[in-house]
Amino acid sequence: MASTGGSEPSASSDDRGDQSASAQRRGAREAAVDGVRSITPMAVGIIPFSLVYGVAVSQTPIDTWLGLSASGFIAAGASQIALLEFIRDGAAWFVGVGAALIINARMLLYSAAVAPAFREFPPAWRYGLAYGMTDQAVAASLAYFDREADPFKRRIFMGSAATALLIVWFTGTIVGNIFGSRIPDSWQLGFAVPLTFLGIVVPTLTTRPMIVSAVVAAIVTVAAAPIPYGANLLVGALAGIAAGMWAQSQARSDGAS
Amino acid sequence: MSPFWMIVLVGVGTYAFRVSMIVALGRFELSERVRDNLRLIAPAVLSALVARGMLLEGTELRPLSEWHVAGVVAVIVAWRTKSVLWTLFVGMVTLWIVGAII
């Protein structure tokens, strides 16, 4: 039997356990590398967004460290920017908090989407990974869960992807704040974030219900644009899910008949 | 209410959203049908994010521009390459080139 390369000379009875431990270490490393690799394009995409947040903090009359620490408390960029705008405009607290929470209500949906996979995780992982639940980390992880069934690799993947993304986000907000970085408008970097979402969602549209779900969500989001505080996003997403469920039930009854 | 408490409140509320369904659905055995329905969430939410980001400016429809051209190109690239990195690269370059031309 090949040596496992462990530092301890193992007794023969430990040999199997030792080997599976090293296989597990290898699996963990693969999943971690995979996680960072998968999130990288999306992390690049949020850099301009994170700089914008850092600049917004410097333009809002609140303590700089408090503004930047919102990335730690909230860790959801769009809602952080909205909240800052309400603070800057001196809006009533419940308007700002309410608007930010409406923007983040999609996390409820993400929570449901990852729930089946999270059942297999130990509690500490469940509650820890929930904190790192960002659009990007969830999108990358759900795509990974489709091709990898091992709960151990799944949580390592999501942990590394979520951590890498948050590190980039935090760093970008600080850099944006310090350098008051003014990116030329002509670069149109606001296109980058939706572009990376497009890049991850399009290849997953392989079944009819998923296509229906995505198309209806997009149409309704645009049609519901006048609804304030970004609630059109939620309306669009829910309409898309409902339409997808309808398409799924159609497919089932077709299959049954 | 001070900005500090507003930030804390949003943070607590957002985390509550994040754990809510993990806790709620963790108690039940999920049928295949429910799992199929949960799989529709990601395409719906992400597609809504794309639509808002690319087709809208705030609550207004974005006027026809290089964004629409680059968006269509990006869909094709994403479908063909199944790579976020290529989608990001080709999409941004298309945006800049078309923007420079028109």
# chains A, B, ... in the order shown; residues from 1 in each chain; ligands from 1
$ interface_residues --of "chain A" --to "chain B" --cutoff "7 Å" --atoms "only C-alpha atoms" --output "PyMOL selection string"
chain A and resi 41+66+70+73-74+87+93+97+100-101+104-105+107-109+111-113+115+118-119+127+130-131+133+139+191-192+194-203+210+213-214+217-218+221-222+225-226+233+236-237+240-241+244-245
$ residues_around --residues "Ile102 (chain B)" --least-positions-apart "3" --cutoff "9 Å" --atoms "only C-alpha atoms" --output "list in words"
Ser65, Glu66, Ile97, Val98 and Gly99 of chain B
$ residues_around --residues "Gly180 (chain A)" --least-positions-apart "2" --cutoff "9 Å" --atoms "only C-alpha atoms" --output "MDAnalysis selection string"
chainID A and resid 51:52 54:56 58 175:178 182
$ write_last_selection --atoms "C-alpha atoms" --output "PDB file, in the first residue's frame"
ATOM      1  CA  LEU A  51     -15.271  51.011  -4.647  1.00  0.00           C
ATOM      2  CA  VAL A  52     -18.578  52.818  -5.188  1.00  0.00           C
ATOM      3  CA  GLY A  54     -16.398  53.066  -0.210  1.00  0.00           C
ATOM      4  CA  VAL A  55     -16.875  56.391  -1.963  1.00  0.00           C
ATOM      5  CA  ALA A  56     -20.506  56.585  -0.783  1.00  0.00           C
ATOM      6  CA  SER A  58     -16.965  59.139   2.418  1.00  0.00           C
ATOM      7  CA  VAL A 175      -9.741  51.154  -1.021  1.00  0.00           C
ATOM      8  CA  GLY A 176     -12.671  53.103  -2.469  1.00  0.00           C
ATOM      9  CA  ASN A 177     -13.021  55.045   0.751  1.00  0.00           C
ATOM     10  CA  ILE A 178      -9.348  55.934   1.101  1.00  0.00           C
ATOM     11  CA  ARG A 182     -13.492  58.273  -9.061  1.00  0.00           C
TER      12      ARG A 182
END
$ closest_residue --among "A:Trp125, A:Tyr229, A:Tyr110, A:Trp187" --to "Pro48 (chain A)" --atoms "only C-alpha atoms"
A:Trp187
$ atom_distance --atom1 "CA of Met158 (chain A)" --atom2 "CA of Ser141 (chain A)"
5.6 Å
$ atom_distance --atom1 "CA of Leu84 (chain A)" --atom2 "CA of Val193 (chain A)"
19.8 Å
$ select_by_dssp --residues "chain B" --states "alpha helix (DSSP H)" --output "PDB file with N, CA and C atoms, in the first residue's frame"
ATOM      1  N   PRO B   3     -27.435  56.043  13.090  1.00  0.00           N
ATOM      2  CA  PRO B   3     -27.011  55.185  11.972  1.00  0.00           C
ATOM      3  C   PRO B   3     -26.480  53.835  12.447  1.00  0.00           C
ATOM      4  N   PHE B   4     -25.808  53.850  13.607  1.00  0.00           N
ATOM      5  CA  PHE B   4     -25.264  52.581  14.109  1.00  0.00           C
ATOM      6  C   PHE B   4     -26.369  51.545  14.285  1.00  0.00           C
ATOM      7  N   TRP B   5     -27.449  51.960  14.964  1.00  0.00           N
ATOM      8  CA  TRP B   5     -28.513  50.994  15.224  1.00  0.00           C
ATOM      9  C   TRP B   5     -29.265  50.612  13.948  1.00  0.00           C
ATOM     10  N   MET B   6     -29.350  51.554  13.003  1.00  0.00           N
ATOM     11  CA  MET B   6     -29.975  51.205  11.730  1.00  0.00           C
ATOM     12  C   MET B   6     -29.172  50.106  11.025  1.00  0.00           C
ATOM     13  N   ILE B   7     -27.852  50.271  11.047  1.00  0.00           N
ATOM     14  CA  ILE B   7     -26.988  49.271  10.403  1.00  0.00           C
ATOM     15  C   ILE B   7     -27.106  47.928  11.115  1.00  0.00           C
ATOM     16  N   VAL B   8     -27.100  47.970  12.450  1.00  0.00           N
ATOM     17  CA  VAL B   8     -27.212  46.721  13.211  1.00  0.00           C
ATOM     18  C   VAL B   8     -28.545  46.028  12.912  1.00  0.00           C
ATOM     19  N   LEU B   9     -29.616  46.837  12.858  1.00  0.00           N
ATOM     20  CA  LEU B   9     -30.948  46.288  12.619  1.00  0.00           C
ATOM     21  C   LEU B   9     -31.031  45.608  11.247  1.00  0.00           C
ATOM     22  N   VAL B  10     -30.497  46.280  10.236  1.00  0.00           N
ATOM     23  CA  VAL B  10     -30.494  45.682   8.899  1.00  0.00           C
ATOM     24  C   VAL B  10     -29.637  44.414   8.894  1.00  0.00           C
ATOM     25  N   GLY B  11     -28.518  44.472   9.617  1.00  0.00           N
ATOM     26  CA  GLY B  11     -27.644  43.301   9.697  1.00  0.00           C
ATOM     27  C   GLY B  11     -28.347  42.111  10.337  1.00  0.00           C
ATOM     28  N   VAL B  12     -29.017  42.360  11.453  1.00  0.00           N
ATOM     29  CA  VAL B  12     -29.728  41.279  12.149  1.00  0.00           C
ATOM     30  C   VAL B  12     -30.860  40.739  11.275  1.00  0.00           C
ATOM     31  N   GLY B  13     -31.620  41.665  10.661  1.00  0.00           N
ATOM     32  CA  GLY B  13     -32.729  41.243   9.807  1.00  0.00           C
ATOM     33  C   GLY B  13     -32.253  40.433   8.616  1.00  0.00           C
ATOM     34  N   THR B  14     -31.156  40.877   8.015  1.00  0.00           N
ATOM     35  CA  THR B  14     -30.628  40.176   6.844  1.00  0.00           C
ATOM     36  C   THR B  14     -30.143  38.786   7.221  1.00  0.00           C
ATOM     37  N   TYR B  15     -29.466  38.694   8.375  1.00  0.00           N
ATOM     38  CA  TYR B  15     -29.006  37.366   8.808  1.00  0.00           C
ATOM     39  C   TYR B  15     -30.195  36.458   9.115  1.00  0.00           C
ATOM     40  N   ALA B  16     -31.257  37.055   9.682  1.00  0.00           N
ATOM     41  CA  ALA B  16     -32.465  36.264   9.958  1.00  0.00           C
ATOM     42  C   ALA B  16     -33.042  35.697   8.654  1.00  0.00           C
ATOM     43  N   PHE B  17     -33.067  36.523   7.603  1.00  0.00           N
ATOM     44  CA  PHE B  17     -33.507  36.027   6.289  1.00  0.00           C
ATOM     45  C   PHE B  17     -32.639  34.849   5.851  1.00  0.00           C
ATOM     46  N   ARG B  18     -31.335  35.012   6.042  1.00  0.00           N
ATOM     47  CA  ARG B  18     -30.389  34.018   5.534  1.00  0.00           C
ATOM     48  C   ARG B  18     -30.553  32.661   6.224  1.00  0.00           C
ATOM     49  N   VAL B  19     -30.819  32.660   7.516  1.00  0.00           N
ATOM     50  CA  VAL B  19     -30.929  31.371   8.217  1.00  0.00           C
ATOM     51  C   VAL B  19     -32.362  30.829   8.216  1.00  0.00           C
ATOM     52  N   SER B  20     -33.346  31.712   7.954  1.00  0.00           N
ATOM     53  CA  SER B  20     -34.747  31.339   8.182  1.00  0.00           C
ATOM     54  C   SER B  20     -35.137  30.011   7.534  1.00  0.00           C
ATOM     55  N   MET B  21     -34.957  29.909   6.229  1.00  0.00           N
ATOM     56  CA  MET B  21     -35.446  28.728   5.514  1.00  0.00           C
ATOM     57  C   MET B  21     -34.545  27.513   5.750  1.00  0.00           C
ATOM     58  N   ILE B  22     -33.277  27.810   6.041  1.00  0.00           N
ATOM     59  CA  ILE B  22     -32.372  26.706   6.369  1.00  0.00           C
ATOM     60  C   ILE B  22     -32.883  26.016   7.635  1.00  0.00           C
ATOM     61  N   VAL B  23     -33.300  26.829   8.603  1.00  0.00           N
ATOM     62  CA  VAL B  23     -33.825  26.277   9.855  1.00  0.00           C
ATOM     63  C   VAL B  23     -35.201  25.655   9.612  1.00  0.00           C
ATOM     64  N   ALA B  24     -36.083  26.415   8.924  1.00  0.00           N
ATOM     65  CA  ALA B  24     -37.468  25.953   8.761  1.00  0.00           C
ATOM     66  C   ALA B  24     -37.531  24.657   7.950  1.00  0.00           C
ATOM     67  N   LEU B  25     -36.818  24.623   6.824  1.00  0.00           N
ATOM     68  CA  LEU B  25     -36.893  23.440   5.961  1.00  0.00           C
ATOM     69  C   LEU B  25     -36.021  22.298   6.479  1.00  0.00           C
ATOM     70  N   GLY B  26     -35.089  22.646   7.391  1.00  0.00           N
ATOM     71  CA  GLY B  26     -34.225  21.617   7.943  1.00  0.00           C
ATOM     72  C   GLY B  26     -34.989  20.608   8.788  1.00  0.00           C
ATOM     73  N   GLU B  32     -39.389  15.222  -3.521  1.00  0.00           N
ATOM     74  CA  GLU B  32     -38.708  15.515  -4.785  1.00  0.00           C
ATOM     75  C   GLU B  32     -39.349  16.739  -5.457  1.00  0.00           C
ATOM     76  N   ARG B  33     -40.681  16.831  -5.298  1.00  0.00           N
ATOM     77  CA  ARG B  33     -41.408  17.943  -5.907  1.00  0.00           C
ATOM     78  C   ARG B  33     -40.980  19.279  -5.307  1.00  0.00           C
ATOM     79  N   VAL B  34     -40.852  19.303  -3.967  1.00  0.00           N
ATOM     80  CA  VAL B  34     -40.414  20.533  -3.311  1.00  0.00           C
ATOM     81  C   VAL B  34     -38.989  20.888  -3.741  1.00  0.00           C
ATOM     82  N   ARG B  35     -38.140  19.871  -3.817  1.00  0.00           N
ATOM     83  CA  ARG B  35     -36.756  20.129  -4.237  1.00  0.00           C
ATOM     84  C   ARG B  35     -36.710  20.695  -5.653  1.00  0.00           C
ATOM     85  N   ASP B  36     -37.560  20.157  -6.529  1.00  0.00           N
ATOM     86  CA  ASP B  36     -37.630  20.675  -7.900  1.00  0.00           C
ATOM     87  C   ASP B  36     -38.039  22.144  -7.898  1.00  0.00           C
ATOM     88  N   ASN B  37     -39.010  22.473  -7.040  1.00  0.00           N
ATOM     89  CA  ASN B  37     -39.460  23.861  -6.975  1.00  0.00           C
ATOM     90  C   ASN B  37     -38.362  24.777  -6.431  1.00  0.00           C
ATOM     91  N   LEU B  38     -37.618  24.295  -5.452  1.00  0.00           N
ATOM     92  CA  LEU B  38     -36.544  25.113  -4.879  1.00  0.00           C
ATOM     93  C   LEU B  38     -35.462  25.405  -5.915  1.00  0.00           C
ATOM     94  N   ILE B  41     -35.566  28.755  -7.844  1.00  0.00           N
ATOM     95  CA  ILE B  41     -35.298  30.034  -7.179  1.00  0.00           C
ATOM     96  C   ILE B  41     -34.095  30.753  -7.788  1.00  0.00           C
ATOM     97  N   ALA B  42     -33.001  30.029  -7.949  1.00  0.00           N
ATOM     98  CA  ALA B  42     -31.785  30.684  -8.431  1.00  0.00           C
ATOM     99  C   ALA B  42     -31.968  31.313  -9.814  1.00  0.00           C
ATOM    100  N   PRO B  43     -32.506  30.579 -10.813  1.00  0.00           N
ATOM    101  CA  PRO B  43     -32.691  31.238 -12.111  1.00  0.00           C
ATOM    102  C   PRO B  43     -33.621  32.442 -12.034  1.00  0.00           C
ATOM    103  N   ALA B  44     -34.680  32.353 -11.206  1.00  0.00           N
ATOM    104  CA  ALA B  44     -35.625  33.467 -11.124  1.00  0.00           C
ATOM    105  C   ALA B  44     -34.970  34.708 -10.501  1.00  0.00           C
ATOM    106  N   VAL B  45     -34.305  34.527  -9.368  1.00  0.00           N
ATOM    107  CA  VAL B  45     -33.727  35.690  -8.688  1.00  0.00           C
ATOM    108  C   VAL B  45     -32.579  36.279  -9.500  1.00  0.00           C
ATOM    109  N   LEU B  46     -31.719  35.422 -10.023  1.00  0.00           N
ATOM    110  CA  LEU B  46     -30.573  35.937 -10.781  1.00  0.00           C
ATOM    111  C   LEU B  46     -31.033  36.632 -12.053  1.00  0.00           C
ATOM    112  N   SER B  47     -32.036  36.058 -12.714  1.00  0.00           N
ATOM    113  CA  SER B  47     -32.560  36.674 -13.927  1.00  0.00           C
ATOM    114  C   SER B  47     -33.187  38.034 -13.600  1.00  0.00           C
ATOM    115  N   ALA B  48     -33.874  38.115 -12.452  1.00  0.00           N
ATOM    116  CA  ALA B  48     -34.437  39.395 -12.027  1.00  0.00           C
ATOM    117  C   ALA B  48     -33.323  40.412 -11.764  1.00  0.00           C
ATOM    118  N   LEU B  49     -32.226  39.958 -11.162  1.00  0.00           N
ATOM    119  CA  LEU B  49     -31.084  40.852 -10.919  1.00  0.00           C
ATOM    120  C   LEU B  49     -30.474  41.341 -12.235  1.00  0.00           C
ATOM    121  N   VAL B  50     -30.383  40.436 -13.216  1.00  0.00           N
ATOM    122  CA  VAL B  50     -29.834  40.815 -14.527  1.00  0.00           C
ATOM    123  C   VAL B  50     -30.757  41.835 -15.191  1.00  0.00           C
ATOM    124  N   ALA B  51     -32.072  41.558 -15.143  1.00  0.00           N
ATOM    125  CA  ALA B  51     -33.035  42.453 -15.783  1.00  0.00           C
ATOM    126  C   ALA B  51     -32.972  43.840 -15.153  1.00  0.00           C
ATOM    127  N   ARG B  52     -32.919  43.877 -13.811  1.00  0.00           N
ATOM    128  CA  ARG B  52     -32.862  45.169 -13.145  1.00  0.00           C
ATOM    129  C   ARG B  52     -31.564  45.902 -13.486  1.00  0.00           C
ATOM    130  N   GLY B  53     -30.472  45.177 -13.460  1.00  0.00           N
ATOM    131  CA  GLY B  53     -29.164  45.798 -13.673  1.00  0.00           C
ATOM    132  C   GLY B  53     -28.947  46.270 -15.101  1.00  0.00           C
ATOM    133  N   MET B  54     -29.472  45.498 -16.074  1.00  0.00           N
ATOM    134  CA  MET B  54     -29.177  45.826 -17.468  1.00  0.00           C
ATOM    135  C   MET B  54     -30.284  46.624 -18.149  1.00  0.00           C
ATOM    136  N   LEU B  55     -31.539  46.321 -17.822  1.00  0.00           N
ATOM    137  CA  LEU B  55     -32.648  46.911 -18.579  1.00  0.00           C
ATOM    138  C   LEU B  55     -33.247  48.142 -17.903  1.00  0.00           C
ATOM    139  N   GLU B  66     -25.542  50.632 -26.024  1.00  0.00           N
ATOM    140  CA  GLU B  66     -24.570  49.537 -26.126  1.00  0.00           C
ATOM    141  C   GLU B  66     -24.795  48.469 -25.041  1.00  0.00           C
ATOM    142  N   TRP B  67     -25.501  48.846 -23.970  1.00  0.00           N
ATOM    143  CA  TRP B  67     -25.773  47.864 -22.909  1.00  0.00           C
ATOM    144  C   TRP B  67     -26.595  46.707 -23.458  1.00  0.00           C
ATOM    145  N   HIS B  68     -27.566  47.038 -24.306  1.00  0.00           N
ATOM    146  CA  HIS B  68     -28.433  45.991 -24.857  1.00  0.00           C
ATOM    147  C   HIS B  68     -27.660  45.088 -25.812  1.00  0.00           C
ATOM    148  N   VAL B  69     -26.809  45.700 -26.633  1.00  0.00           N
ATOM    149  CA  VAL B  69     -26.000  44.920 -27.566  1.00  0.00           C
ATOM    150  C   VAL B  69     -25.079  43.974 -26.789  1.00  0.00           C
ATOM    151  N   ALA B  70     -24.372  44.536 -25.807  1.00  0.00           N
ATOM    152  CA  ALA B  70     -23.431  43.729 -25.024  1.00  0.00           C
ATOM    153  C   ALA B  70     -24.177  42.642 -24.237  1.00  0.00           C
ATOM    154  N   GLY B  71     -25.395  42.960 -23.804  1.00  0.00           N
ATOM    155  CA  GLY B  71     -26.197  41.976 -23.070  1.00  0.00           C
ATOM    156  C   GLY B  71     -26.526  40.772 -23.940  1.00  0.00           C
ATOM    157  N   VAL B  72     -26.940  41.029 -25.184  1.00  0.00           N
ATOM    158  CA  VAL B  72     -27.276  39.934 -26.102  1.00  0.00           C
ATOM    159  C   VAL B  72     -26.028  39.101 -26.413  1.00  0.00           C
ATOM    160  N   VAL B  73     -24.926  39.784 -26.684  1.00  0.00           N
ATOM    161  CA  VAL B  73     -23.671  39.077 -26.950  1.00  0.00           C
ATOM    162  C   VAL B  73     -23.296  38.215 -25.744  1.00  0.00           C
ATOM    163  N   ALA B  74     -23.474  38.775 -24.542  1.00  0.00           N
ATOM    164  CA  ALA B  74     -23.103  38.056 -23.318  1.00  0.00           C
ATOM    165  C   ALA B  74     -23.937  36.786 -23.139  1.00  0.00           C
ATOM    166  N   VAL B  75     -25.230  36.855 -23.504  1.00  0.00           N
ATOM    167  CA  VAL B  75     -26.072  35.657 -23.398  1.00  0.00           C
ATOM    168  C   VAL B  75     -25.505  34.545 -24.280  1.00  0.00           C
ATOM    169  N   ILE B  76     -25.126  34.917 -25.511  1.00  0.00           N
ATOM    170  CA  ILE B  76     -24.588  33.915 -26.443  1.00  0.00           C
ATOM    171  C   ILE B  76     -23.272  33.341 -25.904  1.00  0.00           C
ATOM    172  N   VAL B  77     -22.396  34.226 -25.440  1.00  0.00           N
ATOM    173  CA  VAL B  77     -21.099  33.770 -24.920  1.00  0.00           C
ATOM    174  C   VAL B  77     -21.301  32.868 -23.697  1.00  0.00           C
ATOM    175  N   ALA B  78     -22.205  33.270 -22.803  1.00  0.00           N
ATOM    176  CA  ALA B  78     -22.455  32.477 -21.592  1.00  0.00           C
ATOM    177  C   ALA B  78     -22.971  31.095 -21.975  1.00  0.00           C
ATOM    178  N   TRP B  79     -23.866  31.058 -22.949  1.00  0.00           N
ATOM    179  CA  TRP B  79     -24.448  29.786 -23.365  1.00  0.00           C
ATOM    180  C   TRP B  79     -23.402  28.887 -24.010  1.00  0.00           C
ATOM    181  N   ARG B  80     -22.579  29.471 -24.878  1.00  0.00           N
ATOM    182  CA  ARG B  80     -21.604  28.667 -25.624  1.00  0.00           C
ATOM    183  C   ARG B  80     -20.428  28.236 -24.751  1.00  0.00           C
ATOM    184  N   THR B  81     -19.911  29.146 -23.930  1.00  0.00           N
ATOM    185  CA  THR B  81     -18.691  28.832 -23.171  1.00  0.00           C
ATOM    186  C   THR B  81     -18.993  28.287 -21.778  1.00  0.00           C
ATOM    187  N   VAL B  84     -18.179  32.100 -16.633  1.00  0.00           N
ATOM    188  CA  VAL B  84     -18.474  33.451 -16.157  1.00  0.00           C
ATOM    189  C   VAL B  84     -17.355  34.410 -16.568  1.00  0.00           C
ATOM    190  N   LEU B  85     -16.120  33.900 -16.519  1.00  0.00           N
ATOM    191  CA  LEU B  85     -14.969  34.738 -16.840  1.00  0.00           C
ATOM    192  C   LEU B  85     -15.035  35.223 -18.294  1.00  0.00           C
ATOM    193  N   TRP B  86     -15.318  34.297 -19.225  1.00  0.00           N
ATOM    194  CA  TRP B  86     -15.438  34.684 -20.633  1.00  0.00           C
ATOM    195  C   TRP B  86     -16.604  35.638 -20.843  1.00  0.00           C
ATOM    196  N   THR B  87     -17.696  35.377 -20.139  1.00  0.00           N
ATOM    197  CA  THR B  87     -18.867  36.243 -20.264  1.00  0.00           C
ATOM    198  C   THR B  87     -18.519  37.660 -19.817  1.00  0.00           C
ATOM    199  N   LEU B  88     -17.830  37.757 -18.681  1.00  0.00           N
ATOM    200  CA  LEU B  88     -17.429  39.055 -18.151  1.00  0.00           C
ATOM    201  C   LEU B  88     -16.502  39.772 -19.134  1.00  0.00           C
ATOM    202  N   PHE B  89     -15.515  39.029 -19.633  1.00  0.00           N
ATOM    203  CA  PHE B  89     -14.503  39.617 -20.521  1.00  0.00           C
ATOM    204  C   PHE B  89     -15.120  40.089 -21.844  1.00  0.00           C
ATOM    205  N   VAL B  90     -15.799  39.160 -22.536  1.00  0.00           N
ATOM    206  CA  VAL B  90     -16.372  39.509 -23.842  1.00  0.00           C
ATOM    207  C   VAL B  90     -17.474  40.570 -23.677  1.00  0.00           C
ATOM    208  N   GLY B  91     -18.260  40.455 -22.617  1.00  0.00           N
ATOM    209  CA  GLY B  91     -19.335  41.420 -22.388  1.00  0.00           C
ATOM    210  C   GLY B  91     -18.800  42.838 -22.203  1.00  0.00           C
ATOM    211  N   MET B  92     -17.775  42.999 -21.365  1.00  0.00           N
ATOM    212  CA  MET B  92     -17.238  44.338 -21.120  1.00  0.00           C
ATOM    213  C   MET B  92     -16.574  44.899 -22.369  1.00  0.00           C
ATOM    214  N   VAL B  93     -15.811  44.054 -23.064  1.00  0.00           N
ATOM    215  CA  VAL B  93     -15.116  44.528 -24.274  1.00  0.00           C
ATOM    216  C   VAL B  93     -16.147  44.947 -25.332  1.00  0.00           C
ATOM    217  N   THR B  94     -17.198  44.137 -25.494  1.00  0.00           N
ATOM    218  CA  THR B  94     -18.262  44.497 -26.449  1.00  0.00           C
ATOM    219  C   THR B  94     -18.885  45.836 -26.069  1.00  0.00           C
ATOM    220  N   LEU B  95     -19.132  46.008 -24.770  1.00  0.00           N
ATOM    221  CA  LEU B  95     -19.734  47.254 -24.287  1.00  0.00           C
ATOM    222  C   LEU B  95     -18.872  48.456 -24.669  1.00  0.00           C
ATOM    223  N   TRP B  96     -17.567  48.312 -24.440  1.00  0.00           N
ATOM    224  CA  TRP B  96     -16.659  49.438 -24.723  1.00  0.00           C
ATOM    225  C   TRP B  96     -16.542  49.708 -26.220  1.00  0.00           C
ATOM    226  N   ILE B  97     -16.425  48.629 -27.008  1.00  0.00           N
ATOM    227  CA  ILE B  97     -16.267  48.808 -28.459  1.00  0.00           C
ATOM    228  C   ILE B  97     -17.540  49.422 -29.064  1.00  0.00           C
ATOM    229  N   VAL B  98     -18.679  48.819 -28.747  1.00  0.00           N
ATOM    230  CA  VAL B  98     -19.934  49.331 -29.313  1.00  0.00           C
ATOM    231  C   VAL B  98     -20.184  50.753 -28.814  1.00  0.00           C
ATOM    232  N   GLY B  99     -19.838  50.999 -27.544  1.00  0.00           N
ATOM    233  CA  GLY B  99     -20.016  52.338 -26.993  1.00  0.00           C
ATOM    234  C   GLY B  99     -19.147  53.367 -27.712  1.00  0.00           C
ATOM    235  N   ALA B 100     -17.952  52.943 -28.144  1.00  0.00           N
ATOM    236  CA  ALA B 100     -17.052  53.857 -28.837  1.00  0.00           C
ATOM    237  C   ALA B 100     -17.542  54.134 -30.255  1.00  0.00           C
ATOM    238  N   ILE B 101     -18.214  53.136 -30.849  1.00  0.00           N
ATOM    239  CA  ILE B 101     -18.673  53.286 -32.235  1.00  0.00           C
ATOM    240  C   ILE B 101     -19.924  54.154 -32.317  1.00  0.00           C
TER     241      ILE B 101
END
$ atom_distance --atom1 "CA of Pro63 (chain B)" --atom2 "CA of Asn232 (chain A)"
18.9 Å
$ closest_residue --among "A:Ile219, A:Leu238, A:Ala247, A:Ile174" --to "Trp65 (chain A)" --atoms "only C-alpha atoms"
A:Ile174
